[in-house]
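Asks: Before anything else, here's the structure in question.
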Amino acid sequence: MSEPTVPSAPEVEVSGERFVDAYRWMVLARAFEDKIGALYRAGKVVGGVYLGRGQEAFSVSLGLQLNQSSGDIFAGLIRDQGGRMAFGESIDDAARAYLGSVEGPMKGRDGNIHRGRPKEGMPAMISHLGASVSVVNGMLIAKRYQGKTECIGGVTAGDGNTSTGAFHEGLNQAAVENLPLIVSVADNQFAYSTPTKSQYACEDLAMRAEGYGVGAYSIDGTNLDECLRAFQDAAEKVRAGEGPQLIVGKLLRLSGHGEHDDAKYVPDSARAGKYGQDCNVLAREMILERGFASGAELDAIQKEAVAKVEESVSRAQSENSPSPVTDDWKVFASEF
C-alpha cells in the first residue's frame, strides 16, 4: 500500500500588499501579548496567560482569509491572538477581557481567553478544545438553512487537539455535510509537555485527511509565504464548494504552554531546529528581500503597534470591574 501524499503550499500568487498587511497583524499581536505577559508577571492579570509567540504567521494567515462583514466565522484558541485581530477582534476587546473590564465582550465575568462575540462570527473559545469544530459546523449549517451559502468558517486546533474524539466527530461531520470549513492545526510539537511522538504514529497529521475525505496541506508554519499561499488556496476551494480543507502548520511554541510554564521539557535541538525560528523575524526579512516595504516602513509598523497596545491597555485599566452588588448578572443573551 502506498503512503498517502500530503500536498504542501500550492504555487499561487500572493501580493506584496497582503504580505505587509499580514506582517502588520503579526507585529500587533506580538506587541499586545508581550504587554499582557508583562502585566501577568506583575500580578495585574487574573487567570492564565497563553501566548502565541511563534504562531503568528500561521494564525494571521487564516484570519485574513475570512470576511467578518460577510458573515464568515472564526473560532480561535488560546494562541490565536494574531488570527483573532486579523479577522476583526478589536484590541480594546482583548485588553478589556484580560483586565476584567465591564466594557469588554464578556463584561469582566469570564476567563480572559474565553471571550467572543458569536453574533459577529467569533464564538468564545472552549477549553474542551476539540469541541470547537462541531460548534462551527453547527453555525455553518444554521447559515445554510438561512440561505447564507456564501459564508465560510475557520476553526483552529493544536496537535494534541486532534487526538480527541470531539475533533474526529466534528471533522467527520464537516466532511459528510460538505461544509465550507478550514481546519487549521498548529503542530507545535507539544501538547502541553507531551511530545508529538507520544500523540500520533503517522508521519504527518495531514495524512489523516484522506481518511475523512477532506483536502489537506502540510506547511512550514513559520514561513509567512507558505502560510498565506496555503490558506488562500484553501479558502478558494471551500468557497467553490469543494468541502473542508485541513491545513497543518509545523512550528514550535517560543514560550511555555502558558506564562506559568518554564518549558524545560523542550529540548535544545527543537529550539535550534527549523521550526524554532521566529516567524515575525523571518517575515520581516522576507518582506525586505522582496522589496515589499522598506526597513523604515516596517519600523513604523512596529512603533504604531506598541502605541496602540499602550493606549488600549491604559483605557482598559481605567475602566470599572464588575460589581456583584449593582450589576445585572442575568445572562446577557440578547448581545449574543
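We name chains A, B, ... following the order of the C-alpha cells; residues begin at 1 in each chain, and ligands are numbered from 1 as shown.
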Using only C-alpha atoms, determine which residues lie at most 8 Å from region 144-159 of chain A, disregarding the query and same-chain residues fewer than 6 positions distant; provide the list as a ChimeraX atom specification.
Replies: /A:62-63,66,70-77,129-130,132-133,136,180-191,196,205,238-239
Asks: Nearest to Lys44 (chain A): which of A:Phe167, A:Leu99, A:Ala272, A:Ala296 is it, counting only C-alpha atoms?
Replies: A:Leu99
Asks: Could you check the closest approach to Glu56 (chain A) for each of A:Ile219, A:Cys279, A:Ile301, A:Ala95 and tell me which residue wins, using only C-alpha atoms?
Replies: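 Nearest candidate to Glu56 (chain A) out of A:Ile219, A:Cys279, A:Ile301, A:Ala95: A:Cys279.
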Asks: Skip Arg30 (chain A) itself and residues of its chain fewer than 5 positions away, then list as a ChimeraX atom specification all residues within 10 Å of it, counting only C-alpha atoms.
Replies: /A:25,35-36,51-56,81-82,280,302,305-306
Asks: A:Lys308, A:His168, A:Arg115, A:Lys237: which is nearest Ala209 (chain A), counting only C-alpha atoms?
Replies: A:His168
Asks: Could you give me the residues within region 73-239 of chain A that DSSP places in strand (DSSP E), as a ChimeraX atom specification?
Replies: /A:73-75,153-158,181-187,190-191,194-195,215-220
Asks: Pick from A:Ser59, A:Ser90, A:Ser101, A:Asn67: nearest to Val45 (chain A), with only C-alpha atoms counted?
Replies: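 Answer, going by the shortest atom-to-atom distance: A:Ser101.
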Asks: Of the candidates A:Asn161, A:Asn178, A:Gln277, A:Ser314, which one gets nearest to Gly213 (chain A) if we count only C-alpha atoms?
Replies: A:Asn178
Asks: Given only C-alpha atoms as the basis, pick out the residue of A:Asp268, A:Glu203, A:Asp261, A:Asp278 nearest to Met26 (chain A).
Replies: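 The closest residue to Met26 (chain A) is A:Asp278.
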Asks: Using DSSP assignments from the backbone, pull out every residue in region 109-271 of chain A that falls under alpha helix (DSSP H) and give it to me as a PyMOL selection string.
Replies: chain A and resi 131-145+165-176+209-212+224-239+268-271
Asks: Please list as a ChimeraX atom specification every residue within 12 Å of Ser294 (chain A), counting only C-alpha atoms and excluding residues in the same chain fewer than 6 positions away.
Replies: /A:20,284-288,300-301
